[in-house]
>>> print(open('protein28.cif').read())   # mmCIF, C-alpha atoms and all ligand atoms
data_model
#
loop_
_atom_site.label_atom_id
_atom_site.label_comp_id
_atom_site.auth_asym_id
_atom_site.auth_seq_id
_atom_site.Cartn_x
_atom_site.Cartn_y
_atom_site.Cartn_z
CA MET D 25 47.24 -14.46 -45.24
CA ASN D 26 50.91 -15.46 -45.37
CA ARG D 27 50.15 -18.51 -47.47
CA ARG D 28 48.38 -16.33 -50.00
CA LEU D 29 51.29 -13.91 -50.02
CA ALA D 30 53.72 -16.72 -50.73
CA LEU D 31 51.75 -17.51 -53.89
CA SER D 32 52.13 -13.99 -55.18
CA THR D 33 55.15 -13.88 -57.44
CA LEU D 34 57.13 -11.27 -59.22
CA THR D 35 58.10 -12.48 -62.71
CA THR D 36 61.75 -13.39 -63.26
CA ALA D 37 62.10 -10.52 -65.73
CA ALA D 38 60.73 -8.11 -63.15
CA LEU D 39 63.17 -9.33 -60.52
CA LEU D 40 66.10 -8.96 -62.93
CA SER D 41 65.10 -5.41 -63.72
CA LEU D 42 64.82 -4.63 -60.01
CA ALA D 43 68.37 -5.84 -59.48
CA ALA D 44 69.78 -3.67 -62.27
CA PRO D 45 72.16 -1.05 -60.87
CA PHE D 46 70.64 1.77 -62.91
CA ALA D 47 67.23 1.24 -61.34
CA PHE D 48 67.86 4.40 -59.33
CA ALA D 49 68.82 6.78 -62.11
CA ALA D 50 69.20 10.03 -60.17
CA ASP D 51 68.72 12.22 -63.22
CA GLY D 52 64.99 11.65 -63.76
CA PRO D 53 62.29 12.70 -61.32
CA PHE D 54 62.13 11.11 -57.87
CA LYS D 55 58.86 9.19 -57.82
CA ILE D 56 56.63 8.54 -54.81
CA GLY D 57 53.88 6.00 -55.48
CA PHE D 58 50.88 6.39 -53.16
CA ILE D 59 48.46 3.46 -53.17
CA LEU D 60 45.22 4.47 -51.46
CA PRO D 61 41.58 3.44 -51.21
CA MET D 62 40.01 6.29 -53.24
CA THR D 63 36.77 4.32 -53.70
CA GLY D 64 34.91 1.77 -51.57
CA GLN D 65 34.30 1.57 -47.84
CA SER D 66 37.58 3.30 -46.88
CA ALA D 67 37.46 6.07 -49.53
CA SER D 68 37.63 8.81 -46.88
CA THR D 69 41.13 7.58 -45.96
CA GLY D 70 42.30 8.04 -49.55
CA LYS D 71 40.60 11.42 -49.86
CA GLN D 72 42.22 12.68 -46.65
CA ILE D 73 45.73 11.46 -47.45
CA GLU D 74 45.68 12.67 -51.06
CA ALA D 75 44.58 16.15 -49.92
CA ALA D 76 47.39 16.25 -47.34
CA VAL D 77 50.02 15.16 -49.87
CA LYS D 78 48.88 17.94 -52.23
CA LEU D 79 49.03 20.45 -49.38
CA TRP D 80 52.55 19.35 -48.45
CA GLN D 81 53.74 19.90 -52.02
CA ALA D 82 51.90 23.23 -52.33
CA GLN D 83 53.69 24.43 -49.18
CA ASN D 84 57.11 22.85 -49.72
CA GLY D 85 57.51 22.73 -53.48
CA THR D 86 58.17 19.84 -55.85
CA THR D 87 61.98 19.98 -55.88
CA VAL D 88 64.27 18.56 -53.17
CA ALA D 89 68.05 19.03 -53.34
CA GLY D 90 67.69 19.94 -57.00
CA ARG D 91 65.68 16.81 -57.82
CA LYS D 92 62.13 17.03 -59.15
CA VAL D 93 59.65 15.06 -57.02
CA GLU D 94 56.67 13.43 -58.68
CA VAL D 95 53.76 11.89 -56.76
CA ILE D 96 51.66 9.18 -58.37
CA VAL D 97 48.36 8.27 -56.67
CA LYS D 98 46.57 5.01 -57.55
CA ASP D 99 43.29 3.64 -56.21
CA ASP D 100 43.23 0.09 -54.82
CA ALA D 101 39.60 0.35 -53.62
CA GLY D 102 40.75 -1.27 -50.37
CA VAL D 103 41.32 -4.67 -52.08
CA ALA D 104 44.61 -6.37 -51.16
CA ASP D 105 45.16 -8.15 -54.49
CA THR D 106 44.79 -4.81 -56.25
CA THR D 107 47.24 -3.10 -53.87
CA ARG D 108 49.82 -5.78 -54.55
CA ARG D 109 49.33 -5.59 -58.34
CA ILE D 110 49.63 -1.79 -58.34
CA ALA D 111 52.74 -1.93 -56.14
CA GLN D 112 54.34 -4.38 -58.53
CA GLU D 113 53.53 -2.17 -61.55
CA MET D 114 54.82 0.92 -59.77
CA VAL D 115 58.11 -0.75 -58.89
CA VAL D 116 58.68 -2.55 -62.19
CA ASN D 117 57.18 -0.20 -64.80
CA ASP D 118 57.13 3.26 -63.20
CA LYS D 119 60.44 2.72 -61.34
CA ILE D 120 59.09 4.54 -58.32
CA ASP D 121 61.57 5.31 -55.52
CA VAL D 122 59.21 5.05 -52.52
CA LEU D 123 55.92 3.22 -51.98
CA ALA D 124 53.46 4.99 -49.67
CA GLY D 125 49.87 4.95 -48.37
CA PHE D 126 48.15 1.64 -47.37
CA GLY D 127 44.70 2.45 -46.02
CA LEU D 128 44.02 -0.89 -44.33
CA THR D 129 46.17 -3.52 -42.65
CA PRO D 130 45.66 -6.32 -45.23
CA LEU D 131 46.80 -3.93 -47.99
CA ALA D 132 50.08 -3.25 -46.19
CA PHE D 133 50.64 -6.97 -45.52
CA ALA D 134 50.06 -7.78 -49.20
CA THR D 135 52.68 -5.25 -50.34
CA ALA D 136 55.45 -5.94 -47.81
CA PRO D 137 57.15 -8.74 -49.84
CA ILE D 138 57.41 -6.42 -52.85
CA ALA D 139 59.13 -3.76 -50.73
CA THR D 140 61.59 -6.37 -49.45
CA GLN D 141 62.35 -7.96 -52.83
CA SER D 142 62.85 -4.62 -54.58
CA LYS D 143 64.53 -2.85 -51.62
CA THR D 144 61.98 -0.04 -51.88
CA PRO D 145 61.12 1.97 -48.75
CA MET D 146 57.43 1.53 -47.96
CA VAL D 147 55.99 4.38 -45.90
CA VAL D 148 52.76 3.31 -44.17
CA THR D 149 50.64 6.43 -43.64
CA ALA D 150 47.40 4.78 -42.46
CA ALA D 151 47.26 1.10 -41.50
CA ALA D 152 47.84 0.55 -37.79
CA THR D 153 48.20 -3.11 -36.78
CA SER D 154 51.34 -3.35 -34.69
CA ALA D 155 52.89 -6.23 -36.67
CA ILE D 156 52.92 -4.38 -40.03
CA THR D 157 56.42 -2.97 -39.51
CA GLU D 158 57.70 -6.51 -38.93
CA GLN D 159 56.57 -7.67 -42.40
CA SER D 160 59.52 -6.01 -44.17
CA PRO D 161 62.74 -4.26 -43.09
CA TYR D 162 61.80 -1.58 -45.67
CA ILE D 163 58.60 -0.53 -43.89
CA VAL D 164 58.51 2.76 -41.98
CA ARG D 165 55.30 4.03 -40.36
CA THR D 166 53.99 7.58 -39.81
CA SER D 167 50.46 6.68 -38.64
CA PHE D 168 50.10 4.93 -35.28
CA THR D 169 49.49 1.53 -33.74
CA LEU D 170 46.34 0.35 -32.01
CA PRO D 171 48.25 -0.89 -28.93
CA GLN D 172 49.76 2.62 -28.67
CA VAL D 173 46.36 4.30 -28.33
CA SER D 174 44.38 1.54 -26.58
CA VAL D 175 46.56 1.33 -23.48
CA SER D 176 45.98 5.00 -22.55
CA ILE D 177 42.19 4.81 -22.60
CA ALA D 178 42.26 1.55 -20.61
CA GLU D 179 44.26 3.25 -17.90
CA TRP D 180 42.03 6.33 -17.93
CA ALA D 181 38.89 4.17 -17.64
CA ALA D 182 40.22 2.14 -14.70
CA LYS D 183 41.15 5.34 -12.86
CA HIS D 184 37.77 6.98 -13.46
CA GLY D 185 35.31 4.62 -11.83
CA ILE D 186 34.77 2.23 -14.75
CA LYS D 187 34.96 -1.28 -13.30
CA SER D 188 33.55 -3.49 -16.07
CA VAL D 189 33.93 -3.14 -19.82
CA VAL D 190 32.68 -4.95 -22.92
CA THR D 191 35.14 -4.59 -25.81
CA PHE D 192 33.69 -4.15 -29.28
CA VAL D 193 36.11 -4.17 -32.23
CA ALA D 194 36.30 -4.74 -35.98
CA ASP D 195 37.33 -8.35 -36.53
CA TYR D 196 40.78 -7.99 -38.13
CA GLY D 197 44.34 -6.97 -37.23
CA PRO D 198 43.89 -3.54 -35.64
CA GLY D 199 40.69 -4.57 -33.83
CA ILE D 200 42.36 -7.63 -32.36
CA ASP D 201 45.33 -5.47 -31.27
CA ALA D 202 42.96 -2.94 -29.66
CA GLU D 203 41.02 -5.68 -27.84
CA LYS D 204 44.16 -7.40 -26.55
CA PHE D 205 45.98 -4.31 -25.33
CA PHE D 206 42.91 -2.62 -23.87
CA LYS D 207 42.10 -5.80 -21.99
CA SER D 208 45.54 -6.41 -20.51
CA GLN D 209 46.00 -2.80 -19.40
CA PHE D 210 42.48 -2.57 -17.97
CA GLN D 211 42.88 -5.83 -16.05
CA LEU D 212 46.31 -4.74 -14.82
CA ASN D 213 44.56 -1.72 -13.28
CA GLY D 214 41.92 -3.88 -11.60
CA GLY D 215 39.17 -3.71 -14.24
CA LYS D 216 36.97 -6.60 -15.38
CA ILE D 217 36.21 -7.55 -19.00
CA ALA D 218 32.50 -8.47 -19.14
CA GLY D 219 32.52 -9.54 -22.79
CA GLU D 220 34.48 -9.39 -26.04
CA ILE D 221 32.60 -8.75 -29.28
CA ARG D 222 33.96 -8.55 -32.84
CA SER D 223 32.10 -7.28 -35.90
CA PRO D 224 33.02 -8.06 -39.52
CA LEU D 225 35.16 -5.48 -41.32
CA ARG D 226 32.99 -5.44 -44.46
CA SER D 227 29.49 -3.89 -44.32
CA PRO D 228 28.86 -4.55 -40.65
CA ASP D 229 25.36 -4.39 -39.14
CA PHE D 230 25.99 -3.16 -35.62
CA ALA D 231 22.48 -3.78 -34.25
CA PRO D 232 22.89 -7.38 -32.97
CA PHE D 233 26.21 -6.52 -31.34
CA LEU D 234 24.78 -3.44 -29.66
CA GLN D 235 21.93 -5.57 -28.31
CA LYS D 236 24.51 -7.88 -26.78
CA VAL D 237 26.27 -4.91 -25.16
CA ALA D 238 22.94 -3.71 -23.73
CA ASP D 239 22.24 -7.19 -22.31
CA LEU D 240 25.66 -7.47 -20.66
CA LYS D 241 25.16 -4.09 -18.86
CA PRO D 242 28.83 -3.19 -18.35
CA ASP D 243 29.90 0.18 -16.93
CA ALA D 244 31.32 1.00 -20.36
CA VAL D 245 31.80 -0.33 -23.87
CA PHE D 246 35.23 0.18 -25.45
CA VAL D 247 35.07 0.48 -29.24
CA PHE D 248 37.53 0.35 -32.13
CA LEU D 249 36.26 0.59 -35.70
CA PRO D 250 38.31 1.75 -38.69
CA SER D 251 38.03 5.30 -39.98
CA GLY D 252 34.79 5.71 -41.94
CA GLN D 253 32.62 3.39 -39.81
CA GLY D 254 32.20 5.68 -36.81
CA ALA D 255 29.15 7.59 -38.09
CA ALA D 256 27.12 4.44 -38.84
CA PHE D 257 28.05 2.97 -35.47
CA MET D 258 27.21 6.11 -33.49
CA LYS D 259 23.86 6.46 -35.29
CA GLN D 260 22.84 2.94 -34.25
CA PHE D 261 24.23 3.50 -30.76
CA GLY D 262 21.87 6.47 -30.42
CA GLU D 263 18.90 4.81 -32.15
CA ARG D 264 19.05 1.86 -29.75
CA GLY D 265 19.12 4.26 -26.80
CA LEU D 266 22.51 3.11 -25.56
CA ASP D 267 23.60 6.71 -25.08
CA LYS D 268 20.88 6.98 -22.42
CA SER D 269 21.28 3.49 -20.93
CA GLY D 270 23.98 4.39 -18.41
CA ILE D 271 26.56 2.38 -20.38
CA LYS D 272 29.41 4.78 -21.14
CA LEU D 273 31.05 4.78 -24.54
CA ILE D 274 34.85 4.92 -24.62
CA ALA D 275 36.85 4.43 -27.78
CA THR D 276 39.95 4.97 -29.83
CA GLY D 277 39.77 8.22 -31.78
CA ASP D 278 38.99 6.32 -35.00
CA VAL D 279 35.32 6.09 -33.93
CA VAL D 280 34.84 9.85 -33.40
CA ASP D 281 37.05 10.76 -36.32
CA ASP D 282 37.40 14.43 -37.32
CA ASP D 283 36.32 13.44 -40.85
CA GLN D 284 32.84 12.52 -39.59
CA LEU D 285 32.45 14.14 -36.19
CA ASN D 286 30.09 16.95 -37.21
CA ASP D 287 27.91 14.48 -39.16
CA ILE D 288 27.74 12.21 -36.10
CA GLY D 289 26.28 15.08 -34.07
CA ASP D 290 25.19 15.35 -30.45
CA VAL D 291 25.18 11.59 -29.73
CA ALA D 292 29.00 11.89 -29.64
CA LEU D 293 29.02 14.64 -27.00
CA GLY D 294 31.00 13.61 -23.93
CA VAL D 295 32.60 10.52 -25.50
CA VAL D 296 36.06 10.10 -23.96
CA ASN D 297 38.58 8.59 -26.34
CA SER D 298 42.32 8.33 -26.93
CA HIS D 299 44.31 9.08 -30.05
CA HIS D 300 47.42 10.73 -31.40
CA TYR D 301 45.77 13.54 -33.37
CA SER D 302 42.87 15.94 -32.96
CA ALA D 303 42.10 18.78 -35.36
CA ALA D 304 41.68 20.85 -32.17
CA HIS D 305 45.28 20.24 -31.05
CA PRO D 306 46.21 23.71 -29.82
CA SER D 307 49.73 24.11 -31.24
CA PRO D 308 50.70 26.98 -33.58
CA LEU D 309 51.85 24.48 -36.23
CA ASN D 310 48.51 22.65 -36.13
CA LYS D 311 46.56 25.90 -36.38
CA LYS D 312 48.53 26.77 -39.51
CA PHE D 313 48.02 23.26 -40.90
CA ILE D 314 44.26 23.37 -40.27
CA ALA D 315 43.86 26.83 -41.82
CA ALA D 316 45.77 25.85 -44.98
CA PHE D 317 44.03 22.46 -45.29
CA GLU D 318 40.55 23.92 -44.87
CA ALA D 319 41.30 26.71 -47.34
CA ALA D 320 42.26 24.10 -49.96
CA ASN D 321 39.51 21.55 -49.20
CA LYS D 322 35.88 21.58 -48.18
CA PHE D 323 36.50 19.28 -45.21
CA ARG D 324 38.45 19.07 -41.96
CA PRO D 325 41.67 17.03 -41.87
CA ASN D 326 41.72 13.92 -39.70
CA PHE D 327 44.48 11.65 -38.37
CA MET D 328 44.88 10.03 -41.79
CA ALA D 329 45.64 13.40 -43.39
CA VAL D 330 48.26 14.19 -40.75
CA ALA D 331 49.99 10.83 -41.23
CA GLY D 332 50.08 11.45 -45.01
CA TYR D 333 51.48 14.96 -44.49
CA ASP D 334 54.14 13.61 -42.13
CA GLY D 335 54.89 10.78 -44.56
CA MET D 336 55.76 13.42 -47.19
CA HIS D 337 57.84 15.30 -44.60
CA LEU D 338 59.76 12.10 -43.83
CA ILE D 339 60.37 11.30 -47.50
CA TYR D 340 61.46 14.88 -48.32
CA ASN D 341 63.90 14.87 -45.39
CA ALA D 342 65.31 11.50 -46.48
CA LEU D 343 65.73 12.62 -50.09
CA ALA D 344 67.48 15.79 -48.91
CA ALA D 345 69.79 13.69 -46.70
CA THR D 346 70.86 11.70 -49.78
CA LYS D 347 71.45 15.01 -51.61
CA GLY D 348 68.75 14.11 -54.12
CA GLN D 349 70.38 10.76 -55.00
CA GLY D 350 67.80 8.52 -53.34
CA GLY D 351 68.39 4.75 -53.39
CA GLY D 352 66.35 2.34 -51.29
CA ASP D 353 68.90 1.57 -48.57
CA ALA D 354 70.16 5.17 -48.31
CA LEU D 355 66.62 6.53 -48.02
CA LEU D 356 65.72 3.93 -45.42
CA ALA D 357 68.81 4.77 -43.35
CA ALA D 358 67.90 8.46 -43.54
CA MET D 359 64.34 7.79 -42.39
CA LYS D 360 65.41 5.90 -39.26
CA GLY D 361 65.71 8.11 -36.21
CA GLN D 362 64.10 11.19 -37.77
CA ILE D 363 62.53 13.61 -35.29
CA PHE D 364 60.35 16.50 -36.33
CA GLU D 365 57.34 18.50 -35.30
CA SER D 366 54.07 17.30 -36.80
CA PRO D 367 50.68 19.02 -36.51
CA ARG D 368 50.02 16.37 -33.80
CA GLY D 369 53.15 17.27 -31.77
CA GLN D 370 56.72 15.99 -31.93
CA ILE D 371 57.22 12.60 -33.58
CA LEU D 372 60.16 10.20 -33.79
CA ILE D 373 60.80 7.27 -36.13
CA ASP D 374 62.32 4.65 -33.82
CA ALA D 375 65.51 3.55 -35.60
CA GLN D 376 65.20 -0.03 -34.28
CA THR D 377 61.55 -0.75 -35.04
CA ARG D 378 60.95 1.84 -37.85
CA ASP D 379 57.69 2.57 -36.05
CA ILE D 380 56.45 5.93 -34.82
CA VAL D 381 56.89 7.20 -31.25
CA GLN D 382 54.42 9.96 -30.38
CA ASP D 383 52.25 11.58 -27.71
CA VAL D 384 48.85 10.00 -27.07
CA TYR D 385 46.05 12.27 -25.87
CA ILE D 386 42.91 11.61 -23.87
CA ARG D 387 40.14 13.72 -25.40
CA LYS D 388 36.47 14.42 -24.91
CA VAL D 389 33.99 15.30 -27.66
CA GLU D 390 32.70 18.83 -27.02
CA ARG D 391 30.94 21.58 -28.91
CA VAL D 392 33.51 24.38 -29.08
CA PRO D 393 32.04 27.91 -29.26
CA ALA D 394 35.45 29.43 -30.10
CA MET D 395 35.74 27.11 -33.12
CA GLY D 396 32.49 27.82 -34.97
CA ASN D 397 30.39 25.90 -32.43
CA GLN D 398 31.46 22.67 -34.11
CA LEU D 399 32.19 19.31 -32.48
CA TYR D 400 35.83 18.58 -31.69
CA ASN D 401 37.91 16.12 -29.70
CA VAL D 402 39.22 18.41 -26.96
CA GLU D 403 42.48 17.11 -25.48
CA PHE D 404 42.62 17.10 -21.67
CA ASP D 405 45.42 14.67 -20.79
CA VAL D 406 48.53 13.34 -22.52
CA GLN D 407 51.02 10.50 -22.32
CA LYS D 408 54.30 11.71 -23.79
CA ALA D 409 56.45 9.87 -26.32
CA VAL D 410 54.53 6.58 -26.36
CA LYS D 411 56.35 3.72 -28.08
CA ASP D 412 54.26 0.87 -29.52
CA PRO D 413 53.66 -1.25 -26.37
CA ALA D 414 53.72 -4.39 -28.52
CA LYS D 415 57.40 -3.67 -29.26
CA LEU D 416 58.62 -2.89 -25.74
CA LYS D 417 60.44 -6.21 -25.24
C1 LIG N 501 43.26 0.62 -39.87
C2 LIG N 501 42.38 1.33 -40.66
C3 LIG N 501 41.75 2.44 -40.16
O1 LIG N 501 40.89 3.15 -40.91
C4 LIG N 501 41.98 2.86 -38.85
O2 LIG N 501 41.33 3.94 -38.39
C5 LIG N 501 42.86 2.16 -38.06
C6 LIG N 501 43.50 1.02 -38.57
C7 LIG N 501 43.92 -0.59 -40.41
O3 LIG N 501 43.33 -1.29 -41.24
O4 LIG N 501 45.05 -0.88 -40.00
#
>>> encode(input="protein28.cif", output="structure tokens")
Amino acid sequence: MNRRLALSTLTTAALLSLAAPFAFAADGPFKIGFILPMTGQSASTGKQIEAAVKLWQAQNGTTVAGRKVEVIVKDDAGVADTTRRIAQEMVVNDKIDVLAGFGLTPLAFATAPIATQSKTPMVVTAAATSAITEQSPYIVRTSFTLPQVSVSIAEWAAKHGIKSVVTFVADYGPGIDAEKFFKSQFQLNGGKIAGEIRSPLRSPDFAPFLQKVADLKPDAVFVFLPSGQGAAFMKQFGERGLDKSGIKLIATGDVVDDDQLNDIGDVALGVVNSHHYSAAHPSPLNKKFIAAFEAANKFRPNFMAVAGYDGMHLIYNALAATKGQGGGDALLAAMKGQIFESPRGQILIDAQTRDIVQDVYIRKVERVPAMGNQLYNVEFDVQKAVKDPAKLK
């Protein structure tokens, strides 16, 4: 991927215009450029984040420290070359002040050099491979990392009678992170990895992989798939009878995502998984967030929506800290070290790594009579203030 990135070039004229001192004219509107997959396989990620950004502005207004804030949303359809082209146009033509979004890891990787060259803060509100924040000193993340959530479920599994596990992940950055960190934590706690399976990111057919899991007969299968693939996976898991085979399903929360959970249905009941956000998180702030989001949209917010909402919170705080002036380096400095309450709980932007520190919950899918008899991930255990384990050195 890096070789391809090196071939991507900004034109000389574009670079000159980026270096011009009046690139940050503080008199016009402050522009936030969201690049999201609004179409294609990851369209639910774009839909969720866009709805959350609109909600944030409806609740908090469109002026910060006297400066008008304008949000531009563009669709990259989940294609990295498109993300990079849009980012370049946003920086050079639209003179945006902050880049945001990035629904999949390769899209964030493709844009990182543009953030660096133009000194534009790049707020990652979705993609979750650990190494993303290391691709540019201008990247700040409000989503999560796969190592962050995979370690907790590995520990839970080892302590709850699961002795052998087959890992099953999407074959790209976050999946490889999930596999690696689940494995090392599970083995550290005495567990055995009975097999490691990867499925292609694009249009996967899960059947042959599920057959392999059935043949290996582990105590449990640990699954990571990106948001949007959970329903198809769970359907095949049920159709092949794996839910009744005695092989437990454990996962990161991406697989039993709030966006799809009710569509997945009863096959998800009892699935124990770990993640940083559940729509059923019982805090007053989350209850308010859920009520407002569901009043404005015909769907339930998921972890992508919350990361988009918090991304706006982060950017608004940073703009306020610069008294409406903005400026790439000043905004970045103001983003580092921010602490605030999110619908998921308290979050911190680690000033050293620019990555998010947050609580990680162990949850179980249950039908909740008090919440319209719908399916929810009900939190029953928590690890507080988890830093990305890949950055602990
Ligand atoms: C990524 C995408 C997802 O939809 C998700 O749930 C986790 C990670 C990613 O590409 O980084």
>>> closest_residue(input="protein28.cif", among="D:Arg368, D:Lys92, D:Arg109, D:Lys388", to="Leu293 in chain D", atoms="all atoms listed in the file")
D:Lys388
>>> closest_atom_pairs(input="protein28.cif", of="chain D", to="ligand LIG 501 (chain N)", cutoff="6 Å", atoms="all atoms listed in the file", output="JSON lines")
{"residue": "D:Gly127", "atom": "CA", "partner": "N:LIG501", "partner_atom": "C2", "distance": 5.9}
{"residue": "D:Leu128", "atom": "CA", "partner": "N:LIG501", "partner_atom": "O3", "distance": 3.2}
{"residue": "D:Thr129", "atom": "CA", "partner": "N:LIG501", "partner_atom": "O3", "distance": 3.9}
{"residue": "D:Ala151", "atom": "CA", "partner": "N:LIG501", "partner_atom": "O4", "distance": 3.3}
{"residue": "D:Ala152", "atom": "CA", "partner": "N:LIG501", "partner_atom": "O4", "distance": 3.8}
{"residue": "D:Thr153", "atom": "CA", "partner": "N:LIG501", "partner_atom": "O4", "distance": 5.0}
{"residue": "D:Pro198", "atom": "CA", "partner": "N:LIG501", "partner_atom": "O4", "distance": 5.2}
{"residue": "D:Pro250", "atom": "CA", "partner": "N:LIG501", "partner_atom": "O1", "distance": 3.7}
{"residue": "D:Ser251", "atom": "CA", "partner": "N:LIG501", "partner_atom": "O1", "distance": 3.7}
{"residue": "D:Asp278", "atom": "CA", "partner": "N:LIG501", "partner_atom": "O2", "distance": 4.8}
>>> closest_residue(input="protein28.cif", among="D:Lys143, D:Lys207, D:Lys236, D:Lys415", to="Ile163 in chain D", atoms="only C-alpha atoms")
D:Lys143
>>> residues_around(input="protein28.cif", residues="Asn286 in chain D", least_positions_apart="2", cutoff="7 Å", atoms="all atoms listed in the file", output="PDB file with C-alpha atoms, in the coordinates of the input")
ATOM      1  CA  GLN D 284      32.840  12.520 -39.590  1.00  0.00           C
ATOM      2  CA  ILE D 288      27.740  12.210 -36.100  1.00  0.00           C
ATOM      3  CA  GLY D 289      26.280  15.080 -34.070  1.00  0.00           C
ATOM      4  CA  GLN D 398      31.460  22.670 -34.110  1.00  0.00           C
ATOM      5  CA  LEU D 399      32.190  19.310 -32.480  1.00  0.00           C
TER       6      LEU D 399
END
>>> residues_around(input="protein28.cif", residues="Gln209 in chain D", least_positions_apart="2", cutoff="8 Å", atoms="all atoms listed in the file", output="ChimeraX atom specification")
/D:175,178-179,205-207,211-213
>>> atom_distance(input="protein28.cif", atom1="CA of Val115 in chain D", atom2="CA of Ser366 in chain D")
28.8 Å
>>> atom_distance(input="protein28.cif", atom1="CA of Ala255 in chain D", atom2="CA of Asp334 in chain D")
26.0 Å
>>> residues_around(input="protein28.cif", residues="Arg387 in chain D", least_positions_apart="4", cutoff="8 Å", atoms="all atoms listed in the file", output="number ranges by chain")
D: 296-299, 401-405
>>> residues_around(input="protein28.cif", residues="range 310-321 of chain D", least_positions_apart="5", cutoff="8 Å", atoms="only C-alpha atoms", output="list in words")
Ala75, Ala76, Leu79, Ala303, His305, Ser366, Pro367 and Arg368 of chain D
>>> residues_around(input="protein28.cif", residues="Pro53 in chain D", least_positions_apart="3", cutoff="8 Å", atoms="all atoms listed in the file", output="PDB file with C-alpha atoms, keeping the file's coordinate frame")
ATOM      1  CA  ALA D  50      69.200  10.030 -60.170  1.00  0.00           C
ATOM      2  CA  ARG D  91      65.680  16.810 -57.820  1.00  0.00           C
ATOM      3  CA  LYS D  92      62.130  17.030 -59.150  1.00  0.00           C
ATOM      4  CA  VAL D  93      59.650  15.060 -57.020  1.00  0.00           C
ATOM      5  CA  GLU D  94      56.670  13.430 -58.680  1.00  0.00           C
TER       6      GLU D  94
END
>>> closest_residue(input="protein28.cif", among="D:Ser208, D:Gln141, D:Val245, D:Lys71", to="Phe323 in chain D", atoms="only C-alpha atoms")
D:Lys71
>>> closest_residue(input="protein28.cif", among="D:Tyr196, D:Phe210, D:Phe168, D:Tyr301", to="Leu249 in chain D", atoms="all atoms listed in the file")
D:Tyr196
>>> atom_distance(input="protein28.cif", atom1="CA of Pro228 in chain D", atom2="CA of Pro61 in chain D")
18.4 Å
>>> closest_residue(input="protein28.cif", among="D:Gly270, D:Ala82, D:Val103, D:Thr149", to="Ile339 in chain D", atoms="all atoms listed in the file")
D:Thr149
